[in-house]
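**Student:** Just passing along the structure, written as structure tokens.
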Amino acid sequence: DAGVIQSPRHEVTEMGQEVTLRCKPISGHNSLFWYRQTMMRGLELLIYFNNNVPIDDSGMPEDRFSAKMPNASFSTLKIQPSEPRDSAVYFCASSLASGTDTQYFGPGTRLTVL
Amino acid sequence: KQEVTQIPAALSVPEGENLVLNCSFTDSAIYNLQWFRQDPGKGLTSLLLIQSSQREQTSGRLNASLDKSSGRSTLYIAASQPGDSATYLCAVSAGNTPLVFGKGTRLSVIA
């Protein structure tokens, strides 16, 4: 298996632009997670899905952030409009079940908003 | 609200030394605890998962212990090597809830 796939690996954009991050989970995994990692705040859970349904989006910082999972093999995290404070590494992870199994992380997308 | 703390934040040791990384959590009602490794610029890799009913798990030179009642876990690394240099994160789950992560311990093993 190729593991969790994320694209792009790096994204540099200007403030106010729309940013879309993409994730393909491991085939057969039922749970998908989006995290954000910064030096100051560490690893923060933004949102997670079970069987393509959003379960908890309380970590999404603002209405500028949205996430979708149209099918079991694809998810997007969108930021519109982007701001410099959104600069971080965004990770996608998947697991067989949300809290009981090992999570497998993608390589991350490093986002820089100028 | 569950909080996970890892001490120290950074650690530097000479090659060959045995070392212990610490993790504490505030709510002992956990389902499992996991240790992850993160290399610079990379994602997290799961090292060990301990179920709440277990006391420890071992994988090669790594041994993780869990004391649920005191809210503590340790990751023991034997005979450390420069390749062990990375950030180690601890995370706990209460079951059908997502993992709560600590901020990690950055380990440097000096040759």
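Identifiers for the structure tokens are assigned positionally: chains receive A, B, ... in sequence, residues are indexed from 1 per chain, and ligands are indexed from 1 in the order shown.
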Report as an MDAnalysis selection string the set of chain A residues whose atoms approach chain B to within 10 Å, with distances computed over only C-alpha atoms.
**Tutor:** chainID A and resid 4 31 33 37:45 47:48 55:56 89:93 97:110
**Student:** Please, which residues of chain A, numbered as in this document, come out strand (DSSP E or B) from DSSP, as a VMD selection string?
**Tutor:** chain A and resid 5 to 7 10 to 13 19 to 24 31 to 38 42 to 50 53 to 56 65 to 71 74 to 79 88 to 95 104 to 105 109 to 113
**Student:** Please compute the CA of Leu21 (chain A)-CA of Ser75 (chain A) distance, one decimal, in Å.
**Tutor:**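 Separating CA of Leu21 (chain A) from CA of Ser75 (chain A) is a distance of 8.4 Å.
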**Student:** Skip region 63-74 of chain A itself and residues of its chain fewer than 4 positions away, then list as a PyMOL selection string all residues within 9 Å of it, counting only C-alpha atoms.
**Tutor:** chain A and resi 22-30+32+34+47+49+51-54+57+78-82
**Student:** When you look at Gln54 (chain B) with a cut-off of 10 Å (counting only C-alpha atoms), what residues show up, excluding the ones that are within fewer than 4 positions of it in the same chain? I need them as a CSV table (one decimal) with N, CA and C atoms, in the first residue's frame.
**Tutor:**
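File produced: around35.csv:
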```csv
chain,number,residue,atom,x,y,z
B,32,ASN,N,-6.5,3.8,24.9
B,32,ASN,CA,-5.1,3.3,24.6
B,32,ASN,C,-4.2,4.5,24.5
B,49,LEU,N,1.7,0.9,20.4
B,49,LEU,CA,0.3,1.2,20.9
B,49,LEU,C,0.1,0.3,22.1
B,50,ILE,N,-0.3,0.9,23.2
B,50,ILE,CA,-0.6,0.1,24.4
B,50,ILE,C,-2.1,0.3,24.7
B,65,SER,N,5.8,1.7,28.6
B,65,SER,CA,5.1,1.3,29.7
B,65,SER,C,3.9,2.2,30.0
B,66,LEU,N,2.9,1.7,30.6
B,66,LEU,CA,1.7,2.5,30.9
B,66,LEU,C,1.3,2.3,32.4
B,67,ASP,N,1.1,3.4,33.1
B,67,ASP,CA,0.5,3.3,34.4
B,67,ASP,C,-0.7,4.2,34.4
B,68,LYS,N,-1.8,3.6,34.1
B,68,LYS,CA,-3.1,4.4,33.9
B,68,LYS,C,-3.5,5.1,35.1
```
**Student:** Using only C-alpha atoms, can you tell me which of B:Leu19, B:Ala86, B:Ala29, B:Ile7 comes closest to Leu62 (chain B)?
**Tutor:**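 The answer is B:Leu19, which sits nearest to Leu62 (chain B).
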**Student:** For each of A:Glu83, A:Ile5, A:Leu96, A:Val19, take the minimum atom-to-atom distance to Glu62 (chain A), counting only C-alpha atoms, then give the residue where this is smallest.
**Tutor:**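 Ranking A:Glu83, A:Ile5, A:Leu96, A:Val19 by distance to Glu62 (chain A), first place goes to A:Glu83.
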**Student:** Have a look at A:Gly16, A:Leu46, A:Val113, A:Arg9 and name the one nearest to Leu77 (chain A); count only C-alpha atoms.
**Tutor:**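 Using only C-alpha atoms, the shortest distance to Leu77 (chain A) belongs to A:Leu46.
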